[in-house]
Amino acid sequence: MVTDNQENAIGLKQVWSWLISFVICAAKDAKKLGEEDPRRVIHSFKVGLAITLVSLFYYFDFSYEGFGVSAMWAVMTVVVVFEFSVGATLGKGVNRAIATLLGGGLGVAAHRLASFAGEKIECVILGMSVFFIASAVTFLRFFPKMKARFDYGLLIFILTFSLITVSGYRDDEVIDMAQRRLSTILVGGCATVIICILICPVWAGEDLHKYTASSIEKLSIFLEGFGRAYFQVLDEKNQENNVESLDQYKSVLNSKGIEDSLVNFAKWEPRHGKFRYRQPWDQYLKIGSLARECAYKIDAINSYLNSDVQTPVEIQKKIQESCMEMSTECSYALRELAMGIKTMTCSLSADIHIVNAKASAKMLKSMLKKGLRPEIDLLEIIPTFTVASLLIEVVSCTVKIADCVHELGSKSKFKSPDPVKMKKQTSCKKLTRSPSIEGSHGFSISVE
């Protein structure tokens, strides 16, 4: 018979083992997050430092007498405004400051105008002003351009105006309240921006630049290994790596959200590094759109790698050279373009590879028009002909991407490359990029 004490001991042992396993799993996840992007750890310390410094305004006697309980708005501002990148932080900070100023000023004005109407009508006027202002500003949030850049500011405007107006109806010191709120928010916002920029800054524009180059690089990796995988050409050195790398392009399919957000954040950032004022950030969206278009065609090609329908070997041999030539040359061209974006230099040989790919596509088109064998079963050659047609479309997408990258280079004033340095860089098979850009930047909006 098991006594009550033994049952309790077994229960405590199970709880203790579960707690230990939970802590170990959490530590492994934390280590993984830190290794993916060490900037996350630095960002966490920066937020802690900003909150600590701003909290001192609440504990110091002289600041408490000046700001009172409103000093806590500075802490709330840091918590809400401090984002991972400089652009996101500046965007939220500017939105919050302007919205607080306008909302507070309009709230004070509404309170003053309502006070002239008498005590009985004052309540009605304030209620109607809150209703109309909140409704109108909420409707503004549905405009795409307002939603993209000023949505947070519109929310803060509604919040500030409502608080000032409603509290003003019961408090004669409404102007002092608005002044204290604005002052503490400016203190928190300034501390946030200063720490975000001066201590290991994270630039959304730089991440967007790397992300665009990486997306193009992933397309080139697939095209480089596709020809060998589809036509079953043995390559002992890269046979294991090809299988793993062929799926990297799939992250490009869902890249629109992060690209739009990074462009929005980058537009708030001042000049930094190699990125000047009025950097053509919208051009990155065009390149990303074309990269996704190419990725969708590549995704369709990828579905034929393990097709159940077997094409006759003689047919595959006739189109193998042209298909592999197109795939390889497009891969080299995209790799050159990605390296050019990364180093902000004009590509030397991308156009040459594109010319070679177009020549192979033209040769394949003429071969398909003439027909390969009249007595062949159409069902057997449909998959191969589809792959060939998709590769021809990939060549067209590569041409569009190259034109768009050249336009970016012209607008951004890319430099002429050093052939020796470019040769060393292109010898590397992969561009170095943190794989966690997607997970590091937060795009949610929060209001206290």
# chains A, B, ... in the order shown; residues from 1 in each chain; ligands from 1

$ residues_around --residues "Trp268 of chain A" --least-positions-apart "5" --cutoff "9 Å" --atoms "only C-alpha atoms" --output "list in words"
Val86, Gly87, Ala88, Thr89, Leu90 and Gly91 of chain A

$ residues_around --residues "segment 343-349 of chain A" --least-positions-apart "2" --cutoff "6 Å" --atoms "only C-alpha atoms" --output "JSON, numbers by chain"
{"A": [340, 341, 351, 352, 414, 415, 416, 417]}

$ residues_around --residues "segment 390-402 of chain A" --least-positions-apart "5" --cutoff "8 Å" --atoms "only C-alpha atoms" --output "number ranges by chain"
A: 287, 290-291, 293-294, 297-298, 300-301, 323, 326-327, 330, 333-334, 337, 350-351, 354, 357-358, 361

$ residues_around --residues "segment 114-131 of chain A" --least-positions-apart "3" --cutoff "7 Å" --atoms "only C-alpha atoms" --output "list in words"
Ala110, His111, Ala134, Ser135, Ser162 and Thr165 of chain A

$ closest_residue --among "A:Gly227, A:Pro280, A:Gly34, A:Gly188" --to "Val54 of chain A" --atoms "only C-alpha atoms"
A:Gly188

$ select_by_dssp --residues "segment 99-275 of chain A" --states "helix (DSSP H, G or I)" --output "number ranges by chain"
A: 99-115, 119-140, 144-170, 174-198, 204-230, 239-245, 250-253, 256-266

$ closest_atom_pairs --of "segment 183-232 of chain A" --to "segment 242-261 of chain A" --cutoff "12 Å" --atoms "only C-alpha atoms" --output "tab-separated table"
residue	atom	partner	partner_atom	distance
A:Ala204	CA	A:Ser261	CA	9.0
A:Gly205	CA	A:Glu259	CA	10.2
A:Glu206	CA	A:Glu259	CA	12.0
A:Asp207	CA	A:Glu259	CA	9.7
A:Leu208	CA	A:Glu259	CA	6.8
A:His209	CA	A:Glu259	CA	9.9
A:Lys210	CA	A:Glu259	CA	11.1
A:Tyr211	CA	A:Glu259	CA	8.2
A:Thr212	CA	A:Glu259	CA	8.3
A:Ala213	CA	A:Val252	CA	11.2
A:Ser214	CA	A:Val252	CA	9.2
A:Ser215	CA	A:Val252	CA	5.9
A:Ile216	CA	A:Val252	CA	8.6
A:Glu217	CA	A:Tyr249	CA	8.7
A:Lys218	CA	A:Tyr249	CA	5.1
A:Leu219	CA	A:Tyr249	CA	5.5
A:Ser220	CA	A:Tyr249	CA	8.7
A:Ile221	CA	A:Ser245	CA	6.7
A:Phe222	CA	A:Leu246	CA	4.7
A:Leu223	CA	A:Leu246	CA	8.2
A:Glu224	CA	A:Asn242	CA	8.7
A:Gly225	CA	A:Asn242	CA	5.7
A:Phe226	CA	A:Leu246	CA	7.3
A:Gly227	CA	A:Asn242	CA	10.6
A:Arg228	CA	A:Asn242	CA	8.9
A:Ala229	CA	A:Asn242	CA	7.8
A:Tyr230	CA	A:Val243	CA	11.4
A:Gln232	CA	A:Asn242	CA	11.8

$ closest_residue --among "A:Arg39, A:Lys413, A:Arg96, A:Lys32" --to "Ala74 of chain A" --atoms "only C-alpha atoms"
A:Arg96

$ residues_around --residues "Ser55 of chain A" --least-positions-apart "6" --cutoff "10 Å" --atoms "only C-alpha atoms" --output "list in words"
Leu49, Ala71, Met72, Trp73, Ala74, Val75, Met76, Val78 and Gly188 of chain A

$ closest_residue --among "A:Ala388, A:Val263, A:Ile98, A:Val41" --to "Glu321 of chain A" --atoms "only C-alpha atoms"
A:Ala388

$ atom_distance --atom1 "atom CA of Leu33 of chain A" --atom2 "atom CA of Lys92 of chain A"
25.1 Å

$ closest_residue --among "A:Pro383, A:Gly48, A:Pro201, A:Gly105" --to "Phe84 of chain A" --atoms "only C-alpha atoms"
A:Pro201

$ atom_distance --atom1 "atom CA of Asp403 of chain A" --atom2 "atom CA of Lys267 of chain A"
23.4 Å

$ atom_distance --atom1 "atom CA of Phe82 of chain A" --atom2 "atom CA of Cys196 of chain A"
7.6 Å
